[in-house]
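Here is the structure we will look at.
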Amino acid sequence: ALSDCIPGFLLVHLVCMQRRLAERRQDLVLEYAGELMRLLPWGATCVDGAGWPLTAEHIVGYYRRVRRVIASGPPVGQPWPDELLRALAWVAPSDEELTAAALSSGASPSFVPVDTSASETAPPPFLLPLGEQAEVCPYGSLPDRGACWILGPRGEGCGSACAGAGMTFAIPLEWPFEPLVPRIIALTQALPEVFIMQHEWAPFECHVREEQRFHLAAPREILPPEWSYPICELACPCVPEVPPSLLQAL
């Protein structure tokens, strides 16, 4: 009986988080995010497909995003830039995402048209380990396949690009299935209306910002961190550096 009201409690927490965000109280936003994850398992069976304007997957994704943004914020006592504050805002799932969540839960949603092509099921996201999406990746980087992917400066190799972002170049566990450049750009800014995807070419994906296009990568067994091309912003795989204090403790 307790779980009947949990989706409502989740929505109330989300509203409170947006209010605290408007007050620039990101510390309280983080506290509410932790409470979201505490409540979610109790109501996960009735969130998807029951008419609520949220899904378990979106709640988990929002929690992860809040953790990444908070981790990349300025030191205590310094003002937060508006860009980071906007990154803490809740983005509601689309009708299509609500439908897919309902179908995967076995429900037949009446609040949106049913797309019967989305029939594959997956484990509930709250049962997946939170490390699945690299919680340690800083804001603006894309966690995928055991690496934090960034767009490096134009004409710069991935080794120096990762170092400039406070990380270290790393070989991913495997090459991502989906193109990287559009997903990295979408983390912090809107994609251009016309964005051209071109054939595989170099060991890394190459973004040519001035021409609103990018090349797919032709992955190799050995990825050269020093490789670069004058007009390219490369999609680079990085991992955060382990602080010296932690290495000493280990």
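Naming scheme: A, B, ... for chains in displayed order of the structure tokens; residues 1 onward per chain; ligands 1 onward as shown.
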
Which residues are near Arg20 in chain A? Cut-off 12 Å, only C-alpha atoms, ignore same chain within fewer than 3 positions. Put them as a PDB file with C-alpha atoms, in the first residue's frame.
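As written to disk, selection.pdb reads:
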ATOM      1  CA  HIS A  13      10.785  15.714  -4.829  1.00  0.00           C
ATOM      2  CA  LEU A  14      11.434  16.629  -8.450  1.00  0.00           C
ATOM      3  CA  VAL A  15       9.441  19.860  -8.047  1.00  0.00           C
ATOM      4  CA  CYS A  16      11.332  20.693  -4.850  1.00  0.00           C
ATOM      5  CA  MET A  17      14.633  20.085  -6.614  1.00  0.00           C
ATOM      6  CA  GLU A  23      17.420  29.410  -5.393  1.00  0.00           C
ATOM      7  CA  ARG A  24      20.929  28.275  -6.481  1.00  0.00           C
ATOM      8  CA  ARG A  25      21.004  25.724  -3.665  1.00  0.00           C
ATOM      9  CA  GLN A  26      22.685  22.903  -5.562  1.00  0.00           C
ATOM     10  CA  ASP A  27      23.668  21.263  -2.265  1.00  0.00           C
ATOM     11  CA  LEU A  28      19.993  20.669  -1.487  1.00  0.00           C
ATOM     12  CA  VAL A  29      19.408  19.461  -5.033  1.00  0.00           C
ATOM     13  CA  LEU A  30      21.938  16.701  -4.355  1.00  0.00           C
ATOM     14  CA  GLU A  31      20.206  15.758  -1.105  1.00  0.00           C
ATOM     15  CA  TYR A  32      16.851  15.452  -2.869  1.00  0.00           C
ATOM     16  CA  ALA A  33      18.500  13.362  -5.608  1.00  0.00           C
ATOM     17  CA  LEU A  85      22.901  25.106 -12.948  1.00  0.00           C
ATOM     18  CA  LEU A  88      20.889  20.201 -13.041  1.00  0.00           C
ATOM     19  CA  ALA A  89      17.354  20.820 -14.326  1.00  0.00           C
TER      20      ALA A  89
END

Write down as a VMD selection string the residues belonging to range 17-238 of chain A that are assigned helix (DSSP H, G or I) by DSSP computed on the backbone. chain A and resid 17 to 22 26 to 47 56 to 71 82 to 87 95 to 104 125 to 127 130 to 133 158 to 164 181 to 188 209 to 211

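Compared by their closest atoms to Tyr139 in chain A, and using only C-alpha atoms, the residues A:Ala170, A:Val69, A:Ala22, A:Val60 rank with A:Val69 nearest.
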
List the neighbours of Pro237 in chain A out to 8 Å using only C-alpha atoms; skip same-chain residues closer than 5 positions along the sequence, and give me the result as a PyMOL selection string. chain A and resi 147-150+158+162+169-172

Output the selection as a PDB file, in the first residue's frame - N, CA and C atoms for each residue.
ATOM      1  N   ALA A 147      34.784   4.625 -20.755  1.00  0.00           N
ATOM      2  CA  ALA A 147      35.575   5.844 -20.968  1.00  0.00           C
ATOM      3  C   ALA A 147      34.669   7.066 -20.891  1.00  0.00           C
ATOM      4  N   CYS A 148      35.271   8.220 -20.638  1.00  0.00           N
ATOM      5  CA  CYS A 148      34.584   9.507 -20.665  1.00  0.00           C
ATOM      6  C   CYS A 148      34.991  10.204 -21.959  1.00  0.00           C
ATOM      7  N   TRP A 149      34.068  10.333 -22.895  1.00  0.00           N
ATOM      8  CA  TRP A 149      34.388  10.861 -24.229  1.00  0.00           C
ATOM      9  C   TRP A 149      34.191  12.364 -24.258  1.00  0.00           C
ATOM     10  N   ILE A 150      35.176  13.065 -24.798  1.00  0.00           N
ATOM     11  CA  ILE A 150      35.112  14.514 -24.921  1.00  0.00           C
ATOM     12  C   ILE A 150      35.452  14.924 -26.351  1.00  0.00           C
ATOM     13  N   CYS A 158      44.346  13.444 -29.017  1.00  0.00           N
ATOM     14  CA  CYS A 158      43.550  13.041 -27.866  1.00  0.00           C
ATOM     15  C   CYS A 158      44.365  12.999 -26.567  1.00  0.00           C
ATOM     16  N   CYS A 162      42.756  15.082 -23.530  1.00  0.00           N
ATOM     17  CA  CYS A 162      42.373  14.489 -22.245  1.00  0.00           C
ATOM     18  C   CYS A 162      43.102  15.174 -21.090  1.00  0.00           C
ATOM     19  N   PHE A 169      44.276   9.872 -21.347  1.00  0.00           N
ATOM     20  CA  PHE A 169      43.835   9.123 -22.522  1.00  0.00           C
ATOM     21  C   PHE A 169      43.753   7.636 -22.171  1.00  0.00           C
ATOM     22  N   ALA A 170      42.699   6.971 -22.668  1.00  0.00           N
ATOM     23  CA  ALA A 170      42.505   5.552 -22.358  1.00  0.00           C
ATOM     24  C   ALA A 170      41.875   4.843 -23.551  1.00  0.00           C
ATOM     25  N   ILE A 171      42.195   3.573 -23.708  1.00  0.00           N
ATOM     26  CA  ILE A 171      41.573   2.753 -24.747  1.00  0.00           C
ATOM     27  C   ILE A 171      40.216   2.265 -24.220  1.00  0.00           C
ATOM     28  N   PRO A 172      39.121   2.480 -24.940  1.00  0.00           N
ATOM     29  CA  PRO A 172      37.816   2.016 -24.450  1.00  0.00           C
ATOM     30  C   PRO A 172      37.742   0.499 -24.418  1.00  0.00           C
TER      31      PRO A 172
END

So that I can check the surroundings of Glu174 in chain A, please list as a short mmCIF file (atom, residue, chain, number, x, y, z; two decimals) with N, CA and C atoms, in the first residue's frame every protein, DNA and RNA residue that reaches within 12 Å of it, counting only C-alpha atoms and ignoring chain neighbours fewer than 4 positions away.
data_model
loop_
_atom_site.label_atom_id
_atom_site.label_comp_id
_atom_site.auth_asym_id
_atom_site.auth_seq_id
_atom_site.Cartn_x
_atom_site.Cartn_y
_atom_site.Cartn_z
N ASP A 144 30.70 6.09 -21.86
CA ASP A 144 30.33 4.99 -22.75
C ASP A 144 31.51 4.03 -22.88
N ARG A 145 31.23 2.77 -22.71
CA ARG A 145 32.23 1.70 -22.89
C ARG A 145 33.47 1.91 -22.01
N GLY A 146 33.25 2.31 -20.76
CA GLY A 146 34.34 2.43 -19.81
C GLY A 146 35.23 3.63 -19.99
N ALA A 147 34.78 4.63 -20.76
CA ALA A 147 35.57 5.84 -20.97
C ALA A 147 34.67 7.07 -20.89
N ALA A 170 42.70 6.97 -22.67
CA ALA A 170 42.51 5.55 -22.36
C ALA A 170 41.87 4.84 -23.55
N GLU A 178 26.92 3.57 -31.14
CA GLU A 178 26.31 4.76 -31.71
C GLU A 178 27.36 5.84 -31.92
N PRO A 219 37.92 2.54 -36.26
CA PRO A 219 38.71 2.13 -35.09
C PRO A 219 39.82 1.15 -35.44
N ARG A 220 40.91 1.25 -34.72
CA ARG A 220 42.04 0.36 -34.89
C ARG A 220 42.36 -0.28 -33.56
N GLU A 221 43.12 -1.39 -33.61
CA GLU A 221 43.49 -2.04 -32.36
C GLU A 221 44.35 -1.13 -31.49
N LEU A 223 45.08 2.74 -30.79
CA LEU A 223 44.65 4.13 -31.02
C LEU A 223 45.79 5.07 -30.67
N PRO A 237 38.60 9.26 -26.05
CA PRO A 237 38.29 8.47 -24.85
C PRO A 237 39.27 8.80 -23.72
#

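Distance-wise, CA of Gly157 in chain A and CA of His207 in chain A end up 12.9 Å apart.
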
So how many Å separate CA of Leu40 in chain A and CA of Pro143 in chain A, to one decimal? 22.9 Å

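In this model, the gap between CA of Glu211 in chain A and CA of Pro176 in chain A comes to 24.2 Å.
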
Which of range 138-168 of chain A fall in strand (DSSP E or B), as a VMD selection string: chain A and resid 142 to 144 147 to 151 167 to 168

Please produce an output containing N, CA, C and O atoms for each residue in the selection, written as a compact mmCIF listing (two decimals), in the first residue's frame.
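Final output, part_2.txt:
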# COMPACT_ATOMS: atom_id res chain seq x y z
N LEU A 142 30.92 12.28 -22.15
CA LEU A 142 29.94 11.23 -22.39
C LEU A 142 30.46 9.89 -21.88
O LEU A 142 31.45 9.37 -22.40
N PRO A 143 29.83 9.30 -20.86
CA PRO A 143 30.27 7.98 -20.41
C PRO A 143 29.77 6.88 -21.34
O PRO A 143 28.57 6.76 -21.57
N ASP A 144 30.70 6.09 -21.86
CA ASP A 144 30.33 4.99 -22.75
C ASP A 144 31.51 4.03 -22.88
O ASP A 144 32.65 4.47 -23.11
N ALA A 147 34.78 4.63 -20.76
CA ALA A 147 35.57 5.84 -20.97
C ALA A 147 34.67 7.07 -20.89
O ALA A 147 33.44 6.97 -21.03
N CYS A 148 35.27 8.22 -20.64
CA CYS A 148 34.58 9.51 -20.67
C CYS A 148 34.99 10.20 -21.96
O CYS A 148 36.14 10.63 -22.11
N TRP A 149 34.07 10.33 -22.90
CA TRP A 149 34.39 10.86 -24.23
C TRP A 149 34.19 12.36 -24.26
O TRP A 149 33.17 12.89 -23.81
N ILE A 150 35.18 13.06 -24.80
CA ILE A 150 35.11 14.51 -24.92
C ILE A 150 35.45 14.92 -26.35
O ILE A 150 36.03 14.13 -27.11
N LEU A 151 35.10 16.13 -26.71
CA LEU A 151 35.57 16.72 -27.97
C LEU A 151 36.78 17.58 -27.66
O LEU A 151 36.70 18.53 -26.88
N MET A 167 42.07 14.74 -17.38
CA MET A 167 41.95 13.28 -17.43
C MET A 167 43.13 12.68 -18.18
O MET A 167 44.06 13.39 -18.58
N THR A 168 43.07 11.38 -18.39
CA THR A 168 44.14 10.65 -19.05
C THR A 168 43.55 9.90 -20.24
O THR A 168 42.45 9.35 -20.15

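Residues in contact with Ile231 in chain A at up to 7 Å, not including ones fewer than 5 positions away on its chain and judged by only C-alpha atoms, are Arg154, Gly155 and Val208 of chain A.
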
Export of prior selection with C-alpha atoms as a PDB file, in the first residue's frame:
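result.pdb, written as the output of this step:
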ATOM      1  CA  ARG A 154      40.566  21.851 -32.992  1.00  0.00           C
ATOM      2  CA  GLY A 155      43.755  20.331 -34.381  1.00  0.00           C
ATOM      3  CA  VAL A 208      34.326  19.927 -38.293  1.00  0.00           C
TER       4      VAL A 208
END
